[in-house]
Amino acid sequence: MSIVLPETHKVVRLHPADLSIHVETIPTPKIEHPDDAIVKIKLAGLCGSDLHGYRGHEKINNAIVTGHEFIGEVVALGSSYSPNATNRPPLYSTLAIGDKIVSPFTSSCAECHFCRIGFTSRCAHQLLFGSEGLPGGQAQYVRVPRAGGTLFVVEYASDRLSSQETPNNLLSEISDPSLLLLSDILPTGVFAALQALQHPNILPIIRGERFPLASVGGLVQPNDGVSGGEGVEGSLRTLLKDSLWPGMQEEDRVLSIAVIGLGPVGVCAIVALLDILSGLSMRFRLFAVDTVEARRTKMAAVYEALPPTARGACEFILGSPEDTQVSVQEVTGGVGCNAVLEIVGNNAALTLAYDLLRPFGVLVSAGVHQAPPVPFTGRALYNKNIAAVFGRCPVRTVFPLAADLLRRRQDVFGGVGAGAALGDVEAGGAAGVAGVERVVSMEDAPEAYAKFAKGEWGKVAFDPWR
């Protein structure tokens with residue numbers, strides 16, 4: 001199933017010999033496996049992770065088609081796709097030519113152990129777009145392996161499915177630059193926020209119950225209901241309660257979190273934290289940290305663009321690493337942060353994160369790290385009871401939460417540029433301040449990589465047909 005595709009297409013390629021970016025013409029991808037889909041790219045993103053190879057921090061042996069963020073239209077499907085497909089993920093029976101999709105930055109099968117429990121970024125068959133193993137999306141066309149377990153449909157090509165069967169139809173009116181955030185940066189920001197806020201070391205502050213009472217519900221099966229303190233959870237609570245132990249005071253329930261790195265993912269993480277914590281009606285402090293003043297200024301604009309209801313009872317503190325070390329000590333009375341989200345991916349950021357954390361703090365590292373060993377020892381982690389969580393976001397699993405946040409926060413994610421209204425690049429206003437800064441032609445890729453790497457440009461999207 002396909003439409004007629006051209007023999008060749010344009011792509012952005014990184015040549016590792018001299019770390020240069022080129023726009024080239026190569027053969028158009030074709031179906032190689034029955035589970036494949038070919039997608040015609042509408043927009044492709046330039047991400048901070050793309051810079052690791054560009055800067056020579058990753059070992060790449062051969063020229064690669066770059067990019068792992070893209071949205072587009074399905075133009076070819078392998079033989080696995082049929083309305084009669086059975087015992088496969090649902091998309092194998094519903095995906096059709098013309099469907100508009102968003103793709104995560106890795107492929108996933110939705111059939112292995114890791115996918116079934118939600119860890120799609122470590123699928124047994126996963127491949128990373130924009131690597132030597134799989135050509136990326138900074139191109140006019142891309143091949144998506146195991147597309148039935150990978151893609152997220154945002155708009156169906158026909159009315160073949162009723163509105164009850166299309167929970168994603170609320171995204172059909174969202175602009176393409178805004179939708180592009182779902183490929184990586186917004187789900188990754190949401191994932192980092194969840195990794196911190198759901199941790200057993202953080203739940204006592206959120207729930208107002210000491211450890212381990214606050215997380216005892218996690219030891220109860222979903223069908224073990226609690227009624228009037230009865231059941232499994234009630235029994236565990238009875239065992240864990242200590243009437244002689246002092247209760248938590250008001251000051252114990254003020255949550256302090258730092259986010260290191262205010263690039264696109266860091267901004268998304270802060271918006272996600274604000275969204276969750278404002279809904280919990282609790283006091284909290286957010287320390288937003290970056291070495292670059294321009295990024296701090298942009299983060300301040302994002303925060304100011306949010307309505308008061310989306311900020312909640314937040315004390316928001318922007319600063320450089322040096323300033324933040326002082327302010328954390330002053331504001332927390334020398335105790336430190338409950339959690340730090342490290343979004344940079346280098347040892348300087350990890351060292352700062354460790355220094356900012358209090359005992360029993362949670363370090364969530366969403367930055368992509370390279371070969372150097374981490375800058376602290378097991379003894380250092382042990383001495384502060386630090387919980388360290390590293391790793392890649394399972395984007396396909398987090399899609400529903402991220403899509404809902406994107407839809408509700410169009411006030412900051414909605415357009416293009418630091419002041420573009422939804423769908424209108426030239427208009428003024430706040431929408432878009434947290435999203436794509438500019439849409440450029442693929443011919444501008446060498447300049448875009450250079451300026452993005454220097455911090456002169458923010459989030460960039462490539463239009464391969466411009």
# chains A, B, ... in the order shown; residues from 1 in each chain; ligands from 1
call {"tool": "residues_around", "arguments": {"residues": "Cys47 (chain A)", "least_positions_apart": "3", "cutoff": "8 Å", "atoms": "only C-alpha atoms", "output": "list of chain:residue names"}}
result
A:Asp50, A:Leu51, A:Gly67, A:His68, A:Glu69, A:Lys459, A:Val460
call {"tool": "residues_around", "arguments": {"residues": "Phe129 (chain A)", "least_positions_apart": "5", "cutoff": "8 Å", "atoms": "only C-alpha atoms", "output": "list in words"}}
result
Thr66, Gly67, His68, Phe105, Thr106, Ser107, Leu134, Pro135, Gly136 and Gly137 of chain A
call {"tool": "select_by_dssp", "arguments": {"residues": "region 234-447 of chain A", "states": "strand (DSSP E or B)", "output": "count of residues only"}}
result
45
call {"tool": "residues_around", "arguments": {"residues": "Gly458 (chain A)", "least_positions_apart": "3", "cutoff": "8 Å", "atoms": "only C-alpha atoms", "output": "PyMOL selection string"}}
result
chain A and resi 263-264+436-438+452+455
call {"tool": "closest_residue", "arguments": {"among": "A:Val335, A:Leu43, A:Ile71, A:Ile185", "to": "Leu357 (chain A)", "atoms": "only C-alpha atoms"}}
result
A:Val335
call {"tool": "residues_around", "arguments": {"residues": "Ala450 (chain A)", "least_positions_apart": "4", "cutoff": "12 Å", "atoms": "only C-alpha atoms", "output": "ChimeraX atom specification"}}
result
/A:19-21,46,48,50-51,54-55,444-446,454-458,460
call {"tool": "atom_distance", "arguments": {"atom1": "CA of Val289 (chain A)", "atom2": "CA of Glu330 (chain A)"}}
result
15.8 Å
call {"tool": "closest_atom_pairs", "arguments": {"of": "region 313-392 of chain A", "to": "region 203-218 of chain A", "cutoff": "12 Å", "atoms": "only C-alpha atoms", "output": "JSON lines"}}
result
{"residue": "A:Cys337", "atom": "CA", "partner": "A:Ile205", "partner_atom": "CA", "distance": 11.9}
{"residue": "A:Asn338", "atom": "CA", "partner": "A:Ile205", "partner_atom": "CA", "distance": 9.0}
{"residue": "A:Ala339", "atom": "CA", "partner": "A:Ile205", "partner_atom": "CA", "distance": 11.3}
{"residue": "A:Phe360", "atom": "CA", "partner": "A:Phe211", "partner_atom": "CA", "distance": 10.9}
{"residue": "A:Gly361", "atom": "CA", "partner": "A:Leu203", "partner_atom": "CA", "distance": 11.6}
{"residue": "A:Val362", "atom": "CA", "partner": "A:Leu203", "partner_atom": "CA", "distance": 11.3}
call {"tool": "decode", "arguments": {"residues": "region 253-269 of chain A", "atoms": "all heavy atoms", "output": "PDB file, in the first residue's frame"}}
result
ATOM      1  N   ARG A 253       6.467  20.500  54.441  1.00  0.00           N
ATOM      2  CA  ARG A 253       5.685  20.207  53.245  1.00  0.00           C
ATOM      3  C   ARG A 253       5.908  21.219  52.121  1.00  0.00           C
ATOM      4  O   ARG A 253       5.115  21.307  51.187  1.00  0.00           O
ATOM      5  CB  ARG A 253       4.200  20.131  53.583  1.00  0.00           C
ATOM      6  CG  ARG A 253       3.850  18.998  54.536  1.00  0.00           C
ATOM      7  CD  ARG A 253       2.422  18.598  54.357  1.00  0.00           C
ATOM      8  NE  ARG A 253       2.139  18.172  52.986  1.00  0.00           N
ATOM      9  CZ  ARG A 253       0.906  18.109  52.471  1.00  0.00           C
ATOM     10  NH1 ARG A 253      -0.132  18.465  53.200  1.00  0.00           N
ATOM     11  NH2 ARG A 253       0.728  17.711  51.217  1.00  0.00           N
ATOM     12  N   VAL A 254       7.007  21.964  52.198  1.00  0.00           N
ATOM     13  CA  VAL A 254       7.376  22.874  51.108  1.00  0.00           C
ATOM     14  C   VAL A 254       8.411  22.158  50.244  1.00  0.00           C
ATOM     15  O   VAL A 254       9.514  21.856  50.687  1.00  0.00           O
ATOM     16  CB  VAL A 254       7.948  24.201  51.639  1.00  0.00           C
ATOM     17  CG1 VAL A 254       8.299  25.130  50.474  1.00  0.00           C
ATOM     18  CG2 VAL A 254       6.957  24.866  52.580  1.00  0.00           C
ATOM     19  N   LEU A 255       8.043  21.884  49.022  1.00  0.00           N
ATOM     20  CA  LEU A 255       8.890  21.110  48.114  1.00  0.00           C
ATOM     21  C   LEU A 255       9.844  22.041  47.374  1.00  0.00           C
ATOM     22  O   LEU A 255       9.428  23.072  46.829  1.00  0.00           O
ATOM     23  CB  LEU A 255       8.004  20.368  47.114  1.00  0.00           C
ATOM     24  CG  LEU A 255       8.656  19.352  46.181  1.00  0.00           C
ATOM     25  CD1 LEU A 255       9.275  18.212  46.976  1.00  0.00           C
ATOM     26  CD2 LEU A 255       7.625  18.812  45.193  1.00  0.00           C
ATOM     27  N   SER A 256      11.132  21.693  47.362  1.00  0.00           N
ATOM     28  CA  SER A 256      12.147  22.489  46.669  1.00  0.00           C
ATOM     29  C   SER A 256      12.768  21.651  45.557  1.00  0.00           C
ATOM     30  O   SER A 256      13.340  20.584  45.818  1.00  0.00           O
ATOM     31  CB  SER A 256      13.238  22.944  47.646  1.00  0.00           C
ATOM     32  OG  SER A 256      12.704  23.801  48.636  1.00  0.00           O
ATOM     33  N   ILE A 257      12.661  22.140  44.326  1.00  0.00           N
ATOM     34  CA  ILE A 257      13.166  21.417  43.156  1.00  0.00           C
ATOM     35  C   ILE A 257      13.990  22.368  42.299  1.00  0.00           C
ATOM     36  O   ILE A 257      13.596  23.516  42.065  1.00  0.00           O
ATOM     37  CB  ILE A 257      12.017  20.838  42.310  1.00  0.00           C
ATOM     38  CG1 ILE A 257      11.197  19.842  43.135  1.00  0.00           C
ATOM     39  CG2 ILE A 257      12.542  20.154  41.050  1.00  0.00           C
ATOM     40  CD1 ILE A 257      10.022  19.251  42.386  1.00  0.00           C
ATOM     41  N   ALA A 258      15.134  21.905  41.830  1.00  0.00           N
ATOM     42  CA  ALA A 258      15.955  22.668  40.890  1.00  0.00           C
ATOM     43  C   ALA A 258      15.943  21.977  39.531  1.00  0.00           C
ATOM     44  O   ALA A 258      15.932  20.748  39.454  1.00  0.00           O
ATOM     45  CB  ALA A 258      17.384  22.809  41.405  1.00  0.00           C
ATOM     46  N   VAL A 259      15.941  22.781  38.479  1.00  0.00           N
ATOM     47  CA  VAL A 259      16.072  22.271  37.112  1.00  0.00           C
ATOM     48  C   VAL A 259      17.319  22.911  36.521  1.00  0.00           C
ATOM     49  O   VAL A 259      17.401  24.134  36.381  1.00  0.00           O
ATOM     50  CB  VAL A 259      14.841  22.600  36.252  1.00  0.00           C
ATOM     51  CG1 VAL A 259      15.050  22.116  34.816  1.00  0.00           C
ATOM     52  CG2 VAL A 259      13.595  21.962  36.848  1.00  0.00           C
ATOM     53  N   ILE A 260      18.305  22.067  36.181  1.00  0.00           N
ATOM     54  CA  ILE A 260      19.573  22.553  35.635  1.00  0.00           C
ATOM     55  C   ILE A 260      19.554  22.360  34.122  1.00  0.00           C
ATOM     56  O   ILE A 260      19.489  21.232  33.626  1.00  0.00           O
ATOM     57  CB  ILE A 260      20.764  21.795  36.245  1.00  0.00           C
ATOM     58  CG1 ILE A 260      20.779  21.956  37.772  1.00  0.00           C
ATOM     59  CG2 ILE A 260      22.076  22.286  35.648  1.00  0.00           C
ATOM     60  CD1 ILE A 260      21.834  21.121  38.462  1.00  0.00           C
ATOM     61  N   GLY A 261      19.618  23.469  33.398  1.00  0.00           N
ATOM     62  CA  GLY A 261      19.564  23.426  31.949  1.00  0.00           C
ATOM     63  C   GLY A 261      18.225  23.932  31.447  1.00  0.00           C
ATOM     64  O   GLY A 261      17.213  23.253  31.592  1.00  0.00           O
ATOM     65  N   LEU A 262      18.219  25.121  30.860  1.00  0.00           N
ATOM     66  CA  LEU A 262      16.978  25.765  30.430  1.00  0.00           C
ATOM     67  C   LEU A 262      16.873  25.828  28.912  1.00  0.00           C
ATOM     68  O   LEU A 262      16.320  26.773  28.343  1.00  0.00           O
ATOM     69  CB  LEU A 262      16.870  27.165  31.035  1.00  0.00           C
ATOM     70  CG  LEU A 262      16.911  27.215  32.567  1.00  0.00           C
ATOM     71  CD1 LEU A 262      16.824  28.648  33.067  1.00  0.00           C
ATOM     72  CD2 LEU A 262      15.803  26.357  33.170  1.00  0.00           C
ATOM     73  N   GLY A 263      17.405  24.801  28.258  1.00  0.00           N
ATOM     74  CA  GLY A 263      17.134  24.621  26.840  1.00  0.00           C
ATOM     75  C   GLY A 263      15.699  24.149  26.670  1.00  0.00           C
ATOM     76  O   GLY A 263      14.904  24.146  27.622  1.00  0.00           O
ATOM     77  N   PRO A 264      15.311  23.718  25.468  1.00  0.00           N
ATOM     78  CA  PRO A 264      13.927  23.324  25.218  1.00  0.00           C
ATOM     79  C   PRO A 264      13.388  22.256  26.168  1.00  0.00           C
ATOM     80  O   PRO A 264      12.252  22.359  26.641  1.00  0.00           O
ATOM     81  CB  PRO A 264      13.964  22.827  23.771  1.00  0.00           C
ATOM     82  CG  PRO A 264      15.071  23.626  23.139  1.00  0.00           C
ATOM     83  CD  PRO A 264      16.110  23.750  24.210  1.00  0.00           C
ATOM     84  N   VAL A 265      14.189  21.227  26.482  1.00  0.00           N
ATOM     85  CA  VAL A 265      13.704  20.178  27.387  1.00  0.00           C
ATOM     86  C   VAL A 265      13.550  20.723  28.805  1.00  0.00           C
ATOM     87  O   VAL A 265      12.577  20.405  29.500  1.00  0.00           O
ATOM     88  CB  VAL A 265      14.643  18.958  27.372  1.00  0.00           C
ATOM     89  CG1 VAL A 265      14.192  17.926  28.407  1.00  0.00           C
ATOM     90  CG2 VAL A 265      14.664  18.316  25.995  1.00  0.00           C
ATOM     91  N   GLY A 266      14.485  21.539  29.242  1.00  0.00           N
ATOM     92  CA  GLY A 266      14.382  22.119  30.579  1.00  0.00           C
ATOM     93  C   GLY A 266      13.151  22.985  30.738  1.00  0.00           C
ATOM     94  O   GLY A 266      12.464  22.942  31.771  1.00  0.00           O
ATOM     95  N   VAL A 267      12.853  23.776  29.707  1.00  0.00           N
ATOM     96  CA  VAL A 267      11.639  24.609  29.741  1.00  0.00           C
ATOM     97  C   VAL A 267      10.403  23.721  29.837  1.00  0.00           C
ATOM     98  O   VAL A 267       9.490  23.975  30.632  1.00  0.00           O
ATOM     99  CB  VAL A 267      11.571  25.516  28.498  1.00  0.00           C
ATOM    100  CG1 VAL A 267      10.225  26.230  28.426  1.00  0.00           C
ATOM    101  CG2 VAL A 267      12.700  26.541  28.523  1.00  0.00           C
ATOM    102  N   CYS A 268      10.368  22.643  29.035  1.00  0.00           N
ATOM    103  CA  CYS A 268       9.222  21.728  29.071  1.00  0.00           C
ATOM    104  C   CYS A 268       9.092  21.060  30.434  1.00  0.00           C
ATOM    105  O   CYS A 268       7.977  20.864  30.941  1.00  0.00           O
ATOM    106  CB  CYS A 268       9.359  20.669  27.979  1.00  0.00           C
ATOM    107  SG  CYS A 268       9.121  21.302  26.304  1.00  0.00           S
ATOM    108  N   ALA A 269      10.207  20.704  31.043  1.00  0.00           N
ATOM    109  CA  ALA A 269      10.177  20.076  32.365  1.00  0.00           C
ATOM    110  C   ALA A 269       9.592  21.029  33.402  1.00  0.00           C
ATOM    111  O   ALA A 269       8.804  20.620  34.264  1.00  0.00           O
ATOM    112  CB  ALA A 269      11.575  19.633  32.772  1.00  0.00           C
TER     113      ALA A 269
END
